[in-house]
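Some notes on the structure that comes next.
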Amino acid sequence: MIVEIFEQIKINISGSKKQYSKRFFLFTLIFVFNFLNIYCYGFDYKQWWENWYSRGGNSGPGSVGILAQYKADVINDYIDKHKINSVVEFGCGDGVVLQLTKYKDYLGFDVSRTAIKLCTSKFKNDPTKSFFLYEPQFFVNKTIKSVDLVVCLDVLYHVIDEAEYLKVLEDIFSFSSKHIILYTSLNKSTIPYKNPEILHRDILPYLEKYKNYEIAIVPQKYKKLSGADFIFLTKKT
Ligand SMILES: C[S@@+](CC[C@H](N)C(=O)[O-])C[C@H]1O[C@@H](n2cnc3c(N)ncnc32)[C@H](O)[C@@H]1O
């Protein structure tokens with residue numbers, strides 16, 4: 001009997017070891033592939049989104065169900081509280097979250113043509129919403145300074161390219177809006193390169209240069225479902 005149990009334990013241990021090394025091998029392969037993709041071949045995160053949407057993909061798990069409703073609820077409360085009329089969004093996505101918001105006058109940008117097409121068709125009868133294709137490299141805004149709020153939700157940790165990350169922040173702040181709401185990660189990736197389209201950064205050091213804004217953080221309510229927190233920036237008077 002004791003021998004039988006011992007044999008069973010031996011089988012289990014060697015089985016799990018095999019499983020563990022298989023998983024480790026796969027993980028290493030994905031890590032190396034994504035690392036090469038990002039650093040040697042210049043992973044194109046914008047093309048990734050375009051391919052994703054054009055194959056029928058949606059804006060991801062953070063933009064459906066309970067998380068979509070959570071984002072919309074927080075934003076709608078903020079809009080009511082601060083009497084916000086005009087809103088600009090960087091990364092409007094497929095418009096599912098947008099449908100849940102109470103924006104009165106809205107302008108949405110996205111890097112994906114298909115996302116813009118989806119939103120244009122979804123809101124074709126809504127005269128309060130406009131959509132534009134966004135290309136960070138070619139975006140210049142020096143004149144539109146009358147916007148109440150700029151939002152950017154679940155987008156910044158998808159901007160892989162460092163120079164573009166800086167440019168997107170510049171463009172967000174270029175509207176000089178009284179309010180800015182960012183919904184993104186506050187921590188660096190612990191396992192980088194797991195998904196090539198995701199790169200978590202600590203955003204706070206990047207925001208230090210925008211000294212004329214006060215920052216308030218509201219931590220994620222559903223921590224098991226999302227790593228993004230709300231960052232509210234208010235222009236100092
Ligand atoms: C996870 S989805 C979020 C969509 C939407 N904000 C929401 O909360 O449902 C990310 C979106 O950001 C867009 N995106 C990625 N990089 C971007 C960038 N640099 N500027 C604007 N949008 C970007 C993608 O095309 C995609 O539609």
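Following the order of the structure tokens, first chain is A, next is B, and so on, with residues numbered from 1 inside each chain and ligands from 1 in the order they appear.
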
Write out as a PyMOL selection string each polymer residue whose atoms come within 12 Å of A:Arg113, counting only C-alpha atoms; drop sequence neighbours fewer than 3 positions from it. chain A and resi 46-54+91-94+109-110+116-120+131-135

Members of stretch 62-226 of chain A assigned alpha helix (DSSP H) by DSSP, as an MDAnalysis selection string: chainID A and resid 65:82 96:100 113:122 162:173 204:207

Interatomic distance between atom CA of A:Ile231 and atom 16 (N, counted along the ligand's line) of ligand 1?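 Interatomic distance here is 18.1 Å.
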
Counting only C-alpha atoms and all ligand atoms, which protein, DNA or RNA residues come within 8 Å of ligand 1, given as a ChimeraX atom specification? /A:45-46,49-50,58-64,68,71,89-98,109-112,115,134-136,152-156,158-159,164-165,168

Save the residues we just selected, N, CA and C atoms, as a CSV table (one decimal), in the first residue's frame?
chain,number,residue,atom,x,y,z
A,45,TYR,N,1.6,49.1,-33.0
A,45,TYR,CA,0.4,49.0,-32.1
A,45,TYR,C,-0.8,49.5,-32.8
A,46,LYS,N,-0.7,50.5,-33.7
A,46,LYS,CA,-1.9,51.1,-34.3
A,46,LYS,C,-2.4,50.1,-35.4
A,49,TRP,N,-4.4,47.4,-33.7
A,49,TRP,CA,-5.8,47.7,-33.4
A,49,TRP,C,-6.7,47.7,-34.7
A,50,GLU,N,-6.1,48.2,-35.8
A,50,GLU,CA,-6.8,48.2,-37.1
A,50,GLU,C,-7.1,46.7,-37.5
A,58,ASN,N,-13.7,43.6,-30.7
A,58,ASN,CA,-14.3,44.7,-30.0
A,58,ASN,C,-13.2,45.5,-29.2
A,59,SER,N,-13.7,46.5,-28.4
A,59,SER,CA,-12.7,47.3,-27.7
A,59,SER,C,-12.1,46.6,-26.5
A,60,GLY,N,-12.4,45.4,-26.3
A,60,GLY,CA,-11.7,44.6,-25.2
A,60,GLY,C,-12.6,44.4,-24.0
A,61,PRO,N,-12.1,43.6,-23.0
A,61,PRO,CA,-12.9,43.2,-21.8
A,61,PRO,C,-13.2,44.4,-20.9
A,62,GLY,N,-12.4,45.5,-21.0
A,62,GLY,CA,-12.6,46.7,-20.2
A,62,GLY,C,-13.7,47.6,-20.7
A,63,SER,N,-14.2,47.2,-21.9
A,63,SER,CA,-15.2,48.0,-22.6
A,63,SER,C,-16.5,47.3,-22.8
A,64,VAL,N,-16.8,46.3,-22.0
A,64,VAL,CA,-18.1,45.6,-22.1
A,64,VAL,C,-18.5,45.3,-20.6
A,68,ALA,N,-17.5,48.4,-18.4
A,68,ALA,CA,-18.0,49.5,-19.3
A,68,ALA,C,-19.0,50.4,-18.5
A,71,LYS,N,-17.1,52.5,-15.9
A,71,LYS,CA,-16.5,53.7,-16.5
A,71,LYS,C,-17.5,54.8,-16.8
A,89,GLU,N,-12.5,62.9,-26.8
A,89,GLU,CA,-12.0,61.6,-26.4
A,89,GLU,C,-10.9,61.1,-27.2
A,90,PHE,N,-9.8,60.7,-26.6
A,90,PHE,CA,-8.7,60.0,-27.4
A,90,PHE,C,-8.9,58.5,-27.2
A,91,GLY,N,-9.2,57.9,-28.3
A,91,GLY,CA,-9.4,56.4,-28.3
A,91,GLY,C,-10.9,56.1,-28.0
A,92,CYS,N,-11.8,56.5,-29.0
A,92,CYS,CA,-13.2,56.2,-28.8
A,92,CYS,C,-13.6,54.8,-28.9
A,93,GLY,N,-12.7,54.0,-29.6
A,93,GLY,CA,-13.0,52.5,-29.7
A,93,GLY,C,-14.2,52.3,-30.5
A,94,ASP,N,-14.9,51.2,-30.2
A,94,ASP,CA,-16.1,50.8,-30.9
A,94,ASP,C,-17.4,51.5,-30.5
A,95,GLY,N,-17.2,52.4,-29.5
A,95,GLY,CA,-18.4,53.2,-29.2
A,95,GLY,C,-19.3,52.6,-28.2
A,96,VAL,N,-19.0,51.4,-27.6
A,96,VAL,CA,-19.9,50.8,-26.7
A,96,VAL,C,-20.0,51.6,-25.4
A,97,VAL,N,-18.8,52.0,-24.9
A,97,VAL,CA,-18.8,52.8,-23.6
A,97,VAL,C,-19.4,54.2,-23.9
A,98,LEU,N,-19.2,54.7,-25.1
A,98,LEU,CA,-19.7,56.0,-25.5
A,98,LEU,C,-21.2,56.0,-25.4
A,109,PHE,N,-11.6,60.7,-31.2
A,109,PHE,CA,-10.5,60.3,-32.1
A,109,PHE,C,-10.1,58.9,-31.8
A,110,ASP,N,-9.6,58.2,-32.9
A,110,ASP,CA,-9.1,56.9,-32.7
A,110,ASP,C,-8.0,56.7,-33.8
A,111,VAL,N,-7.1,55.8,-33.5
A,111,VAL,CA,-6.0,55.5,-34.5
A,111,VAL,C,-6.5,54.4,-35.5
A,112,SER,N,-7.6,53.8,-35.3
A,112,SER,CA,-8.1,52.7,-36.2
A,112,SER,C,-9.2,53.3,-37.1
A,115,ALA,N,-12.5,51.5,-36.3
A,115,ALA,CA,-13.2,52.0,-35.1
A,115,ALA,C,-13.9,53.2,-35.5
A,134,TYR,N,-7.2,59.6,-35.9
A,134,TYR,CA,-6.1,60.3,-35.2
A,134,TYR,C,-4.8,59.6,-35.5
A,135,GLU,N,-3.8,60.5,-35.9
A,135,GLU,CA,-2.5,60.0,-36.2
A,135,GLU,C,-1.5,60.9,-35.4
A,136,PRO,N,-1.0,60.4,-34.3
A,136,PRO,CA,-0.2,61.2,-33.4
A,136,PRO,C,0.8,62.1,-34.1
A,152,CYS,N,-9.5,59.9,-21.8
A,152,CYS,CA,-8.7,58.9,-22.5
A,152,CYS,C,-8.8,57.6,-21.6
A,153,LEU,N,-9.6,56.6,-22.1
A,153,LEU,CA,-10.0,55.5,-21.2
A,153,LEU,C,-9.4,54.2,-21.8
A,154,ASP,N,-8.6,53.5,-21.0
A,154,ASP,CA,-8.1,52.2,-21.4
A,154,ASP,C,-7.3,52.3,-22.7
A,155,VAL,N,-6.6,53.4,-22.9
A,155,VAL,CA,-5.9,53.6,-24.2
A,155,VAL,C,-4.3,53.7,-23.9
A,156,LEU,N,-3.9,54.5,-22.9
A,156,LEU,CA,-2.5,54.8,-22.8
A,156,LEU,C,-1.6,53.6,-22.6
A,158,HIS,N,-1.8,51.0,-24.2
A,158,HIS,CA,-1.7,50.4,-25.5
A,158,HIS,C,-0.7,51.1,-26.4
A,159,VAL,N,-0.3,52.3,-25.9
A,159,VAL,CA,0.6,53.1,-26.8
A,159,VAL,C,2.0,52.6,-26.5
A,164,GLU,N,5.5,58.2,-29.1
A,164,GLU,CA,4.1,58.5,-29.3
A,164,GLU,C,3.3,58.6,-28.0
A,165,TYR,N,3.8,57.9,-27.0
A,165,TYR,CA,3.2,58.0,-25.7
A,165,TYR,C,3.2,59.5,-25.2
A,168,VAL,N,1.0,61.7,-27.4
A,168,VAL,CA,-0.5,61.5,-27.1
A,168,VAL,C,-0.8,62.4,-25.9

From a backbone DSSP assignment, name each residue in stretch 82-200 of chain A labelled strand (DSSP E or B), as a list in words.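 Written out, the strand (DSSP E or B) residues of stretch 82-200 of chain A are Ser86, Val87, Val88, Glu89, Phe90, Asp105, Tyr106, Leu107, Gly108, Phe109, Asp110, Lys129, Ser130, Phe131, Phe132, Leu133, Leu149, Val150, Val151, Cys152, Leu153, His179, Ile180, Ile181, Leu182, Tyr183 and Thr184 of chain A.
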
Select, from A:Asn212, A:Ser86, A:Asn76, A:Thr143, the residue with the minimum atom-to-atom distance to A:Ser130, counting only C-alpha atoms.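 Going through A:Asn212, A:Ser86, A:Asn76, A:Thr143 one by one, the smallest distance to A:Ser130 is for A:Ser86.
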
Would you pick out the contacts of A:Lys145 at 7 Å or less, using only C-alpha atoms, so that residues sharing its chain but fewer than 4 positions from it are not included, and give the list as a VMD selection string? chain A and resid 175 to 177

Just want the 7 Å neighbourhood of stretch 227-229 of chain A, counted on only C-alpha atoms, with same-chain residues fewer than 6 positions away dropped. Output as a ChimeraX atom specification. /A:183-185,218-220

Prev. selection, N, CA and C atoms, output as a PDB file, in the first residue's frame:
ATOM      1  N   TYR A 183      -7.900  57.014 -17.643  1.00  0.00           N
ATOM      2  CA  TYR A 183      -8.212  55.744 -16.976  1.00  0.00           C
ATOM      3  C   TYR A 183      -7.165  54.775 -17.498  1.00  0.00           C
ATOM      4  N   THR A 184      -6.143  54.571 -16.676  1.00  0.00           N
ATOM      5  CA  THR A 184      -5.014  53.774 -17.149  1.00  0.00           C
ATOM      6  C   THR A 184      -4.241  53.198 -15.965  1.00  0.00           C
ATOM      7  N   SER A 185      -3.124  52.513 -16.284  1.00  0.00           N
ATOM      8  CA  SER A 185      -2.350  51.869 -15.228  1.00  0.00           C
ATOM      9  C   SER A 185      -1.428  52.861 -14.528  1.00  0.00           C
ATOM     10  N   VAL A 218      -8.628  57.939  -8.272  1.00  0.00           N
ATOM     11  CA  VAL A 218      -9.680  57.077  -7.709  1.00  0.00           C
ATOM     12  C   VAL A 218      -9.348  55.642  -8.120  1.00  0.00           C
ATOM     13  N   PRO A 219      -8.981  54.811  -7.142  1.00  0.00           N
ATOM     14  CA  PRO A 219      -8.565  53.445  -7.487  1.00  0.00           C
ATOM     15  C   PRO A 219      -9.696  52.608  -8.081  1.00  0.00           C
ATOM     16  N   GLN A 220      -9.293  51.650  -8.887  1.00  0.00           N
ATOM     17  CA  GLN A 220     -10.218  50.730  -9.553  1.00  0.00           C
ATOM     18  C   GLN A 220     -11.146  50.053  -8.529  1.00  0.00           C
TER      19      GLN A 220
END

Using only C-alpha atoms, which of the listed residues (A:Ile75, A:Gly65, A:Tyr106, A:Val88) sits closest to A:Phe230?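 Using only C-alpha atoms, the shortest distance to A:Phe230 belongs to A:Ile75.
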
Identify which of the residues A:Phe123, A:Tyr70, A:Phe138, A:Tyr157 lies closest to A:Asn195, counting only C-alpha atoms when measuring atom-to-atom distances.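 The answer is A:Tyr157, which sits nearest to A:Asn195.
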
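Comparing A:Leu186, A:Lys236, A:Glu162, A:Ile198 by their smallest distance to A:Ile217, the closest is A:Leu186 (using only C-alpha atoms).
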
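Atom CA of A:Ile84 lies 24.6 Å from atom CA of A:Phe139.
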
Quick one: everything within 7 Å of A:Glu214, counting only C-alpha atoms, minus sequence neighbours fewer than 4 positions away in the same chain. Send it as a list in words.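 The neighbour list is Leu233, Thr234, Lys235 and Lys236 of chain A.
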